[in-house]
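Undergrad: Quick one: the structure is below, questions incoming.
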There are 2 protein chains.
Amino acid sequence: MAWTGRLSLTPPTLADVAERAGVSRQTVSNAVNNPELLRPDTLARVQDAISELGYSPNRAARNLRTRASHLIGLKFNPAQEGTANAAMDRFVHSLVETAGSRGYHVLLFAGSSPTDAVSGYDDLLRATAVDAFIVTDTYLGNPQAAWLTQQRAPFVAFGRPWDNPEATHAWVDVDGAAGTELATNHLLDKGHTRIAWIGWRKDSFIGEDRRAGWARAMHARDLPTTGLASRVEDTVSSGREAASVLLDEASPTAFVCASDTLAMGVLHALGDRGIHWGRDIAVVGFDDSQVAQVVPGGLTSVRQPLEQVAVELVKALEGLLSTPPVAGPGVLLSPTLAVRMSSG
Amino acid sequence: MAWTGRLSLTPPTLADVAERAGVSRQTVSNAVNNPELLRPDTLARVQDAISELGYSPNRAARNLRTRASHLIGLKFNPAQEGTANAAMDRFVHSLVETAGSRGYHVLLFAGSSPTDAVSGYDDLLRATAVDAFIVTDTYLGNPQAAWLTQQRAPFVAFGRPWDNPEATHAWVDVDGAAGTELATNHLLDKGHTRIAWIGWRKDSFIGEDRRAGWARAMHARDLPTTGLASRVEDTVSSGREAASVLLDEASPTAFVCASDTLAMGVLHALGDRGIHWGRDIAVVGFDDSQVAQVVPGGLTSVRQPLEQVAVELVKALEGLLSTPPVAGPGVLLSPTLAVRMSSG
DNA sequence: TCTCCGACTTGGATCGATCAAGAGGGGGAT
DNA sequence: ATCCCCCTCTTGATCGATCCAAGTCGGAGA
């Protein structure tokens, strides 16, 4: 039953419903929040009144009384220009969907000042505007997690606490090493033996993790990895240069990359030399970005199960917000491989 | 001054601040909301107390009293898989930033049921959870705008009311025709005369608008357009097929496309024939997606000024929410052209 | 000296829902 | 018949900020 009232007039309140149904306010409140407490006929009467009036509880009033907003704060980090990293888009959508199905909404905010990673969180926390946060940028030792822990703010991280194994907060992450191992094995199964790695600089925990998956797969088949790895910045041009050097010095037949951005750099380098990628040399990226999907022929890429991540994150949040709080351990999910022509 | 209290304990209230500063509650409230009413020294004293206690007004209480949430509702539509449409990401970021700078936050929600375009809006509206909406999907005659107007819900649309020129609601849009005209003129200036168009099916207002820009530029130089246009679905494969047909039947030397997705299809078709794109045949896309940015060589593309769009949207919203409401007319912004190798 | 005004204070009511007790009635046990 | 309990529903207080109306006080201007 759609609400046909007008916004400019005051919407019906709980008291209005109570009067109409001939019961008390509390009974209406219970009808909404604890229907099992009412006698079936009373419940039906109240529900009729609710739908006749088009009543919906006022969020602000409820928030005030219950000290909960049913809002989840998320700092929105846009994709960088000139890269292929597009995980945020898919992730946010999944999160909004799962949160919505559990009665939560997602509140976005931007870091007020780029220098202070904690601003933004602080404001919302103090104003009790959100119930909890989801923290996404846990690469390198970033201060959010520690700060939020210290503030006793409920939060779940998408990403492991790399820099602090003793951290006790809840987290959900995707097993990057498993992803690159999957990719490498896929190439090994195709007969490749000289598989190169292009990843991020050594201070990136995520980058080293992904690299480890590649190395693990290679060593499992007694293949050498020395001279086959390169660590650069996450830009197309870096990937291109790295690929060029590797082609000259190690003549690999395949590349596994820490990101689609780097993989695009490899494609670029191959194009420079007139090498037909996919046929002559195989390439695998990471993130299954739109770029991987639409580049002519398609780029094989490791795909993170972001829908699952969202589900686990919300599940963990609900645990934290329940009374008493239930702090689950970290959750590590496995990625899959989207195979396309670049490795076919 | 960071707040050092704990979330589990009750945060300081306005009354606490009042006591500490030795003034009344009303004065603290004024210090926060109408500082010009206070004598400078009193104001300073109150502000000291505020920062010492780490006070921040309770959002729920304020929302309840003032009947405003300072939240803007936005339905989050993720990019479709397999396309290059990534405008949402950049747009959302801009919106979050501008909204934040004006004291607003962005609340995301998903359409509960895909069939009912209006669900989601309804829930939030009835619960007075948001002050206003930003509506983004105004292509084809979609019911949101009309429905929201009827509900007297404040909203601003990103996108013109194509299907209803008499619509009176506020909107902000980007002049797509101007964008394709820019693109076409760019190619004309490079010496091309046989410039083909690949756009969307005729029932897409946006598609027809963009097509009009191409046609306008061509006609302005007395060049024919017949046989040079194709209208297909917005997928890479459609673009590829359309390009293939056009190459056979009209032998164009350049392509202007309604989207980067279609442009990628063109690149694909050119690759199939071993045609060196950018040198032999020029291609221009639309949206300046990540794909356009990282595809080897780079794809020239029309770029929407999404930062400006966000600013105008928020400005319009503030007008709507002020008392009395000020309904500005529609705002039409001009896109720019990001020139890359595909047209160089 | 009287008046006026700016800069507060005071005490209350209010927003709308929920919490914490309490009241009434019927059934079962004693 | 009496007591007790539980189920169902009611009542008054409460969350924290803002709105409102009236009152106080000191200093500047007439």
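Scheme for the structure tokens: letters A, B, ... for chains in order shown; per-chain residue numbers from 1; ligand numbers from 1 in order shown.
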Can you show chain B as a compact mmCIF listing (two decimals) with C-alpha atoms, in the first residue's frame once it has been least-squares superposed onto chain A, using every C-alpha atom paired in order?

TA:
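Saved to selection38.txt:
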# COMPACT_ATOMS: atom_id res chain seq x y z
CA MET B 1 0.15 0.20 -0.13
CA ALA B 2 1.87 3.38 -1.20
CA TRP B 3 1.78 6.32 1.06
CA THR B 4 -0.37 9.02 -0.42
CA GLY B 5 0.13 11.74 2.13
CA ARG B 6 2.18 14.85 1.54
CA LEU B 7 5.57 15.62 2.87
CA SER B 8 4.71 19.14 3.82
CA LEU B 9 2.11 17.92 6.26
CA THR B 10 3.19 15.99 9.28
CA PRO B 11 3.33 12.28 8.62
CA PRO B 12 1.28 10.01 10.85
CA THR B 13 2.79 9.14 14.19
CA LEU B 14 2.59 6.12 16.35
CA ALA B 15 -0.14 7.79 18.36
CA ASP B 16 -2.22 8.27 15.22
CA VAL B 17 -1.96 4.61 14.42
CA ALA B 18 -2.85 3.70 17.98
CA GLU B 19 -5.98 5.78 17.88
CA ARG B 20 -7.07 4.40 14.54
CA ALA B 21 -6.51 0.80 15.58
CA GLY B 22 -8.11 1.37 18.96
CA VAL B 23 -5.07 0.25 20.91
CA SER B 24 -2.42 1.97 22.96
CA ARG B 25 0.84 3.43 21.70
CA GLN B 26 2.76 0.71 23.42
CA THR B 27 0.88 -1.92 21.51
CA VAL B 28 1.63 -0.29 18.19
CA SER B 29 5.27 -0.10 19.14
CA ASN B 30 5.19 -3.77 19.95
CA ALA B 31 3.43 -4.56 16.71
CA VAL B 32 6.35 -3.00 14.89
CA ASN B 33 9.22 -4.25 17.01
CA ASN B 34 7.99 -7.33 18.82
CA PRO B 35 5.03 -8.65 16.89
CA GLU B 36 5.21 -12.01 18.68
CA LEU B 37 3.92 -10.36 21.83
CA LEU B 38 0.56 -9.58 20.24
CA ARG B 39 -2.45 -11.76 19.69
CA PRO B 40 -2.75 -12.45 15.97
CA ASP B 41 -6.01 -10.57 15.56
CA THR B 42 -4.74 -7.49 17.34
CA LEU B 43 -1.59 -7.59 15.29
CA ALA B 44 -3.61 -7.71 12.11
CA ARG B 45 -5.74 -4.79 13.20
CA VAL B 46 -2.69 -2.69 13.97
CA GLN B 47 -1.01 -3.61 10.72
CA ASP B 48 -4.11 -2.59 8.84
CA ALA B 49 -4.09 0.77 10.54
CA ILE B 50 -0.40 1.13 9.75
CA SER B 51 -0.83 0.52 6.08
CA GLU B 52 -4.00 2.59 5.85
CA LEU B 53 -2.23 5.58 7.31
CA GLY B 54 1.00 4.82 5.55
CA TYR B 55 2.78 4.95 8.85
CA SER B 56 6.48 4.47 9.13
CA PRO B 57 8.32 5.06 12.39
CA ASN B 58 10.19 8.33 12.53
CA ARG B 59 13.83 7.46 12.23
CA ALA B 60 15.15 10.36 14.23
CA ALA B 61 12.92 9.68 17.19
CA ARG B 62 13.73 6.02 17.18
CA ASN B 63 17.43 6.71 16.82
CA LEU B 64 17.36 9.10 19.70
CA ARG B 65 15.65 6.71 22.04
CA THR B 66 17.46 3.56 21.09
CA ARG B 67 20.84 5.19 20.54
CA ALA B 68 21.25 3.46 17.24
CA SER B 69 21.01 4.80 13.73
CA HIS B 70 21.10 1.64 11.66
CA LEU B 71 23.59 3.42 9.50
CA ILE B 72 26.96 2.03 8.46
CA GLY B 73 29.70 4.49 7.67
CA LEU B 74 31.89 3.89 4.66
CA LYS B 75 34.66 6.09 3.40
CA PHE B 76 34.30 6.22 -0.33
CA ASN B 77 37.59 5.93 -2.13
CA PRO B 78 37.13 6.44 -5.83
CA ALA B 79 39.16 4.61 -8.39
CA GLN B 80 42.25 6.47 -9.35
CA GLU B 81 42.25 7.98 -12.78
CA GLY B 82 44.36 6.10 -15.22
CA THR B 83 44.14 2.80 -13.41
CA ALA B 84 41.84 -0.15 -13.83
CA ASN B 85 41.02 -0.58 -10.18
CA ALA B 86 37.30 -0.64 -10.03
CA ALA B 87 36.59 -2.88 -7.10
CA MET B 88 34.90 -0.12 -5.13
CA ASP B 89 31.96 0.12 -7.45
CA ARG B 90 31.03 -3.54 -7.28
CA PHE B 91 31.83 -3.73 -3.60
CA VAL B 92 29.71 -0.75 -2.64
CA HIS B 93 26.78 -2.13 -4.53
CA SER B 94 27.03 -5.48 -2.81
CA LEU B 95 27.37 -3.81 0.53
CA VAL B 96 24.36 -1.59 -0.01
CA GLU B 97 22.31 -4.58 -1.01
CA THR B 98 23.24 -6.82 1.88
CA ALA B 99 23.09 -4.03 4.41
CA GLY B 100 19.67 -3.06 3.10
CA SER B 101 18.36 -6.57 3.48
CA ARG B 102 19.33 -6.45 7.15
CA GLY B 103 17.79 -3.10 7.87
CA TYR B 104 20.93 -1.03 7.51
CA HIS B 105 21.80 1.79 5.19
CA VAL B 106 25.20 2.86 4.02
CA LEU B 107 26.39 6.36 4.74
CA LEU B 108 29.21 7.60 2.60
CA PHE B 109 31.74 10.15 3.63
CA ALA B 110 35.00 11.49 2.34
CA GLY B 111 38.14 12.08 4.33
CA SER B 112 37.90 15.80 5.01
CA SER B 113 41.61 16.29 4.73
CA PRO B 114 43.73 13.84 2.81
CA THR B 115 46.50 14.20 5.35
CA ASP B 116 44.43 13.09 8.28
CA ALA B 117 43.16 9.60 7.60
CA VAL B 118 41.06 9.67 10.71
CA SER B 119 39.05 12.81 10.10
CA GLY B 120 35.57 12.05 8.94
CA TYR B 121 35.44 9.01 11.16
CA ASP B 122 35.80 11.26 14.14
CA ASP B 123 32.98 13.58 13.22
CA LEU B 124 30.50 10.83 12.57
CA LEU B 125 31.49 8.96 15.67
CA ARG B 126 31.12 11.88 18.01
CA ALA B 127 27.77 12.84 16.60
CA THR B 128 26.68 9.21 16.97
CA ALA B 129 25.58 9.44 13.38
CA VAL B 130 26.51 5.89 12.48
CA ASP B 131 26.42 2.63 14.40
CA ALA B 132 29.59 1.24 12.92
CA PHE B 133 32.15 1.61 10.22
CA ILE B 134 33.45 -0.50 7.44
CA VAL B 135 37.09 0.26 6.82
CA THR B 136 38.44 -0.60 3.43
CA ASP B 137 41.91 0.80 3.10
CA THR B 138 43.98 -1.37 5.37
CA TYR B 139 47.01 -1.55 3.13
CA LEU B 140 50.23 -0.48 4.74
CA GLY B 141 50.15 0.49 8.36
CA ASN B 142 47.23 2.87 8.25
CA PRO B 143 45.97 4.35 11.48
CA GLN B 144 42.22 3.93 11.12
CA ALA B 145 41.94 0.49 12.62
CA ALA B 146 44.09 1.28 15.63
CA TRP B 147 42.35 4.57 16.17
CA LEU B 148 38.87 3.10 15.94
CA THR B 149 39.84 0.31 18.28
CA GLN B 150 41.07 2.83 20.77
CA GLN B 151 37.85 4.80 20.45
CA ARG B 152 35.95 1.58 21.03
CA ALA B 153 34.05 2.24 17.87
CA PRO B 154 32.49 -0.84 16.30
CA PHE B 155 34.02 -1.54 12.94
CA VAL B 156 34.90 -4.33 10.58
CA ALA B 157 37.77 -4.14 8.15
CA PHE B 158 37.80 -5.31 4.58
CA GLY B 159 41.43 -6.31 4.56
CA ARG B 160 43.66 -8.04 7.05
CA PRO B 161 45.58 -6.14 9.71
CA TRP B 162 48.83 -6.78 7.89
CA ASP B 163 50.95 -4.52 9.99
CA ASN B 164 49.66 -5.80 13.28
CA PRO B 165 49.00 -9.54 13.58
CA GLU B 166 47.88 -9.04 17.16
CA ALA B 167 45.02 -6.77 16.19
CA THR B 168 41.80 -8.17 17.58
CA HIS B 169 39.24 -6.43 15.46
CA ALA B 170 36.96 -8.25 13.07
CA TRP B 171 38.00 -8.41 9.44
CA VAL B 172 37.11 -10.01 6.17
CA ASP B 173 39.56 -10.43 3.36
CA VAL B 174 40.16 -12.19 0.11
CA ASP B 175 43.05 -14.59 -0.16
CA GLY B 176 45.16 -12.83 -2.74
CA ALA B 177 47.84 -15.50 -2.71
CA ALA B 178 45.26 -18.12 -3.47
CA GLY B 179 44.15 -16.00 -6.39
CA THR B 180 47.55 -15.65 -7.98
CA GLU B 181 48.23 -19.30 -7.28
CA LEU B 182 45.03 -20.13 -9.14
CA ALA B 183 46.13 -17.93 -12.01
CA THR B 184 49.61 -19.40 -12.12
CA ASN B 185 48.37 -22.97 -12.00
CA HIS B 186 45.98 -22.17 -14.80
CA LEU B 187 48.95 -21.08 -16.91
CA LEU B 188 51.08 -24.02 -15.82
CA ASP B 189 48.31 -26.37 -16.85
CA LYS B 190 48.37 -24.73 -20.26
CA GLY B 191 52.00 -25.73 -20.57
CA HIS B 192 53.74 -22.51 -19.63
CA THR B 193 56.87 -22.85 -17.54
CA ARG B 194 58.48 -19.44 -17.74
CA ILE B 195 55.82 -17.37 -16.02
CA ALA B 196 56.80 -13.88 -14.97
CA TRP B 197 55.42 -11.82 -12.11
CA ILE B 198 54.77 -8.10 -12.11
CA GLY B 199 53.69 -6.77 -8.76
CA TRP B 200 53.87 -3.84 -6.44
CA ARG B 201 56.72 -2.45 -4.48
CA LYS B 202 57.92 -4.45 -1.56
CA ASP B 203 56.31 -2.29 1.11
CA SER B 204 52.86 -3.34 -0.04
CA PHE B 205 51.67 -6.23 2.08
CA ILE B 206 48.96 -7.07 -0.38
CA GLY B 207 51.43 -7.05 -3.23
CA GLU B 208 53.78 -9.39 -1.42
CA ASP B 209 50.92 -11.69 -0.56
CA ARG B 210 49.85 -11.94 -4.17
CA ARG B 211 53.41 -12.48 -5.23
CA ALA B 212 53.70 -15.33 -2.74
CA GLY B 213 50.89 -17.18 -4.49
CA TRP B 214 52.71 -17.04 -7.79
CA ALA B 215 55.97 -18.18 -6.20
CA ARG B 216 54.23 -21.02 -4.38
CA ALA B 217 52.69 -22.36 -7.56
CA MET B 218 55.98 -22.16 -9.40
CA HIS B 219 57.95 -23.87 -6.66
CA ALA B 220 55.34 -26.57 -6.34
CA ARG B 221 56.36 -27.66 -9.82
CA ASP B 222 60.04 -27.13 -9.17
CA LEU B 223 60.21 -24.17 -11.50
CA PRO B 224 62.58 -21.29 -10.82
CA THR B 225 61.33 -17.80 -10.08
CA THR B 226 64.57 -15.88 -10.00
CA GLY B 227 64.82 -13.18 -12.59
CA LEU B 228 61.16 -13.56 -13.42
CA ALA B 229 59.75 -11.06 -10.95
CA SER B 230 59.44 -7.32 -11.08
CA ARG B 231 58.07 -4.89 -8.52
CA VAL B 232 56.83 -1.51 -9.66
CA GLU B 233 54.24 1.15 -9.03
CA ASP B 234 50.65 0.46 -9.92
CA THR B 235 50.44 2.33 -13.20
CA VAL B 236 50.02 1.24 -16.79
CA SER B 237 53.33 2.73 -17.83
CA SER B 238 55.22 0.98 -15.03
CA GLY B 239 53.69 -2.29 -16.09
CA ARG B 240 54.66 -1.63 -19.65
CA GLU B 241 58.27 -0.91 -18.80
CA ALA B 242 58.53 -3.84 -16.43
CA ALA B 243 57.14 -6.17 -19.06
CA SER B 244 59.55 -4.81 -21.61
CA VAL B 245 62.55 -5.44 -19.39
CA LEU B 246 61.37 -8.92 -18.50
CA LEU B 247 60.80 -9.80 -22.14
CA ASP B 248 64.35 -8.79 -22.94
CA GLU B 249 66.02 -10.43 -20.02
CA ALA B 250 63.97 -13.46 -19.12
CA SER B 251 61.87 -14.24 -22.18
CA PRO B 252 58.80 -15.43 -20.31
CA THR B 253 55.85 -16.99 -22.10
CA ALA B 254 53.30 -15.71 -19.63
CA PHE B 255 52.71 -12.92 -17.13
CA VAL B 256 50.80 -12.90 -13.88
CA CYS B 257 50.14 -9.41 -12.55
CA ALA B 258 49.10 -7.95 -9.22
CA SER B 259 46.48 -5.80 -10.90
CA ASP B 260 44.61 -5.29 -14.12
CA THR B 261 46.36 -1.97 -14.42
CA LEU B 262 49.73 -3.69 -14.62
CA ALA B 263 48.31 -6.32 -16.93
CA MET B 264 47.20 -3.58 -19.28
CA GLY B 265 50.75 -2.32 -19.22
CA VAL B 266 51.89 -5.76 -20.30
CA LEU B 267 49.42 -5.81 -23.17
CA HIS B 268 50.76 -2.46 -24.16
CA ALA B 269 54.35 -3.72 -24.17
CA LEU B 270 53.37 -6.76 -26.20
CA GLY B 271 51.56 -4.55 -28.67
CA ASP B 272 54.68 -2.44 -29.02
CA ARG B 273 56.55 -5.50 -30.22
CA GLY B 274 53.80 -6.82 -32.38
CA ILE B 275 53.39 -9.83 -30.16
CA HIS B 276 49.94 -11.34 -30.36
CA TRP B 277 48.88 -11.64 -26.75
CA GLY B 278 46.78 -14.59 -25.81
CA ARG B 279 48.26 -16.65 -28.59
CA ASP B 280 52.02 -16.04 -28.30
CA ILE B 281 52.15 -14.88 -24.72
CA ALA B 282 49.54 -15.26 -22.01
CA VAL B 283 48.59 -12.55 -19.53
CA VAL B 284 46.56 -12.67 -16.33
CA GLY B 285 45.44 -9.66 -14.29
CA PHE B 286 43.85 -9.16 -10.93
CA ASP B 287 40.46 -7.70 -9.97
CA ASP B 288 38.34 -8.56 -12.97
CA SER B 289 37.77 -4.91 -13.68
CA GLN B 290 35.63 -3.59 -16.47
CA VAL B 291 38.82 -3.09 -18.40
CA ALA B 292 39.57 -6.79 -18.24
CA GLN B 293 36.06 -7.51 -19.41
CA VAL B 294 35.89 -5.25 -22.43
CA VAL B 295 39.42 -5.11 -23.73
CA PRO B 296 39.34 -6.82 -27.14
CA GLY B 297 39.54 -10.54 -26.58
CA GLY B 298 39.25 -10.11 -22.88
CA LEU B 299 41.82 -10.26 -20.13
CA THR B 300 41.91 -13.28 -17.85
CA SER B 301 41.73 -11.99 -14.31
CA VAL B 302 41.38 -13.02 -10.70
CA ARG B 303 37.97 -12.08 -9.42
CA GLN B 304 37.31 -11.20 -5.81
CA PRO B 305 34.04 -12.51 -4.37
CA LEU B 306 32.86 -9.07 -3.33
CA GLU B 307 29.27 -10.14 -2.83
CA GLN B 308 30.44 -12.70 -0.30
CA VAL B 309 32.72 -10.15 1.28
CA ALA B 310 29.78 -7.83 1.80
CA VAL B 311 27.73 -10.59 3.36
CA GLU B 312 30.50 -11.52 5.77
CA LEU B 313 31.14 -7.91 6.67
CA VAL B 314 27.53 -7.27 7.53
CA LYS B 315 27.35 -10.52 9.43
CA ALA B 316 30.37 -9.51 11.47
CA LEU B 317 28.90 -6.09 12.10
CA GLU B 318 25.68 -7.55 13.34
CA GLY B 319 27.70 -9.62 15.74
CA LEU B 320 29.52 -6.58 17.02
CA LEU B 321 26.32 -4.63 17.47
CA SER B 322 24.39 -7.36 19.20
CA THR B 323 24.28 -7.52 22.95
CA PRO B 324 26.55 -8.86 24.13
CA PRO B 325 28.89 -8.11 21.25
CA VAL B 326 30.16 -11.16 19.46
CA ALA B 327 33.55 -10.65 17.90
CA GLY B 328 34.10 -13.28 15.29
CA PRO B 329 37.56 -14.12 14.02
CA GLY B 330 38.81 -12.97 10.67
CA VAL B 331 37.25 -14.43 7.56
CA LEU B 332 39.32 -15.27 4.52
CA LEU B 333 37.51 -15.86 1.25
CA SER B 334 38.79 -17.43 -1.92
CA PRO B 335 38.77 -15.63 -5.24
CA THR B 336 37.97 -17.22 -8.56
CA LEU B 337 39.50 -16.92 -12.00
CA ALA B 338 37.69 -15.33 -14.91
CA VAL B 339 39.31 -16.93 -17.91
CA ARG B 340 39.34 -14.96 -21.16
CA MET B 341 41.29 -14.88 -24.36
CA SER B 342 44.46 -13.38 -22.95
CA SER B 343 45.30 -16.78 -21.51
CA GLY B 344 43.35 -18.94 -23.93

Undergrad: Using only C-alpha atoms (C1' of nucleotides), determine which residues lie at most 12 Å from DG26 (chain D), disregarding the query and same-chain residues fewer than 4 positions distant; provide the list as a list of chain:residue names.

TA: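 In the requested format, the answer is C:DC5, C:DG6, C:DA7, C:DC8.
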
Undergrad: Please save C-alpha atoms (C1' of nucleotides) of the selected residues as a short mmCIF file (atom, residue, chain, number, x, y, z; two decimals), in the first residue's frame.

TA:
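Final file, result_1.cif:
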data_model
loop_
_atom_site.label_atom_id
_atom_site.label_comp_id
_atom_site.auth_asym_id
_atom_site.auth_seq_id
_atom_site.Cartn_x
_atom_site.Cartn_y
_atom_site.Cartn_z
"C1'" DC C 5 18.63 47.25 23.93
"C1'" DG C 6 21.81 43.68 23.59
"C1'" DA C 7 23.23 39.46 25.82
"C1'" DC C 8 22.07 36.29 28.21
#

Undergrad: So which bits of region 112-325 of chain A end up strand (DSSP E) when you DSSP the backbone, as a VMD selection string?

TA: chain A and resid 132 to 135 155 to 158 170 to 174 195 to 200 229 to 232 254 to 257 282 to 286 300 to 303

Undergrad: Tell me the residues of chain D close to chain A, meaning within 9 Å using only C-alpha atoms (C1' of nucleotides), as a VMD selection string.

TA: chain D and resid 7 to 10 14 to 16

Undergrad: Produce a file of the selected residues containing C-alpha atoms (C1' of nucleotides), as a PDB file, in the first residue's frame.

TA:
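And here's part.pdb as it stands now:
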ATOM      1  C1'  DC D   7      -0.557 -12.759  29.291  1.00  0.00           C
ATOM      2  C1'  DT D   8      -1.897  -8.482  27.267  1.00  0.00           C
ATOM      3  C1'  DC D   9      -2.068  -4.006  27.264  1.00  0.00           C
ATOM      4  C1'  DT D  10      -1.476   0.890  29.442  1.00  0.00           C
ATOM      5  C1'  DT D  14      12.915   9.456  28.897  1.00  0.00           C
ATOM      6  C1'  DC D  15      16.444  10.118  24.888  1.00  0.00           C
ATOM      7  C1'  DG D  16      19.066  15.236  23.635  1.00  0.00           C
TER       8       DG D  16
END

Undergrad: Define the interface residues of chain C facing chain B as those within 9 Å, counting only C-alpha atoms (C1' of nucleotides), and report them as a PyMOL selection string.

TA: chain C and resi 7-10+14-16

Undergrad: Using the selection just defined, write its residues with C-alpha atoms (C1' of nucleotides) as a PDB file, in the first residue's frame.

TA:
ATOM      1  C1'  DA C   7      23.226  39.458  25.816  1.00  0.00           C
ATOM      2  C1'  DC C   8      22.072  36.287  28.210  1.00  0.00           C
ATOM      3  C1'  DT C   9      19.031  32.952  31.672  1.00  0.00           C
ATOM      4  C1'  DT C  10      15.046  30.351  32.998  1.00  0.00           C
ATOM      5  C1'  DT C  14       8.203  19.676  21.988  1.00  0.00           C
ATOM      6  C1'  DC C  15       9.755  16.351  18.257  1.00  0.00           C
ATOM      7  C1'  DG C  16       8.148  10.679  18.069  1.00  0.00           C
TER       8       DG C  16
END

Undergrad: Quick one, how far is C1' of DT18 (chain D) from C1' of DA21 (chain C)?

TA: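 Distance between the two atoms: 29.5 Å.
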
Undergrad: For the atom pair C1' of DT11 (chain D) and C1' of DA23 (chain C), what is the interatomic distance in Å to one decimal place?

TA: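 Here the two named atoms are 9.2 Å from each other.
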
Undergrad: If you run DSSP on the backbone here, which positions in region 285-336 of chain A get alpha helix (DSSP H)? Please write them as JSON, numbers by chain.

TA: {"A": [290, 291, 292, 293, 294, 306, 307, 308, 309, 310, 311, 312, 313, 314, 315, 316, 317, 318, 319, 320, 321]}

Undergrad: Record the distance separating C1' of DA17 (chain C) and C1' of DA21 (chain D), expressed in Å with one decimal.

TA: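 According to the coordinates, C1' of DA17 (chain C) and C1' of DA21 (chain D) are separated by 27.4 Å.
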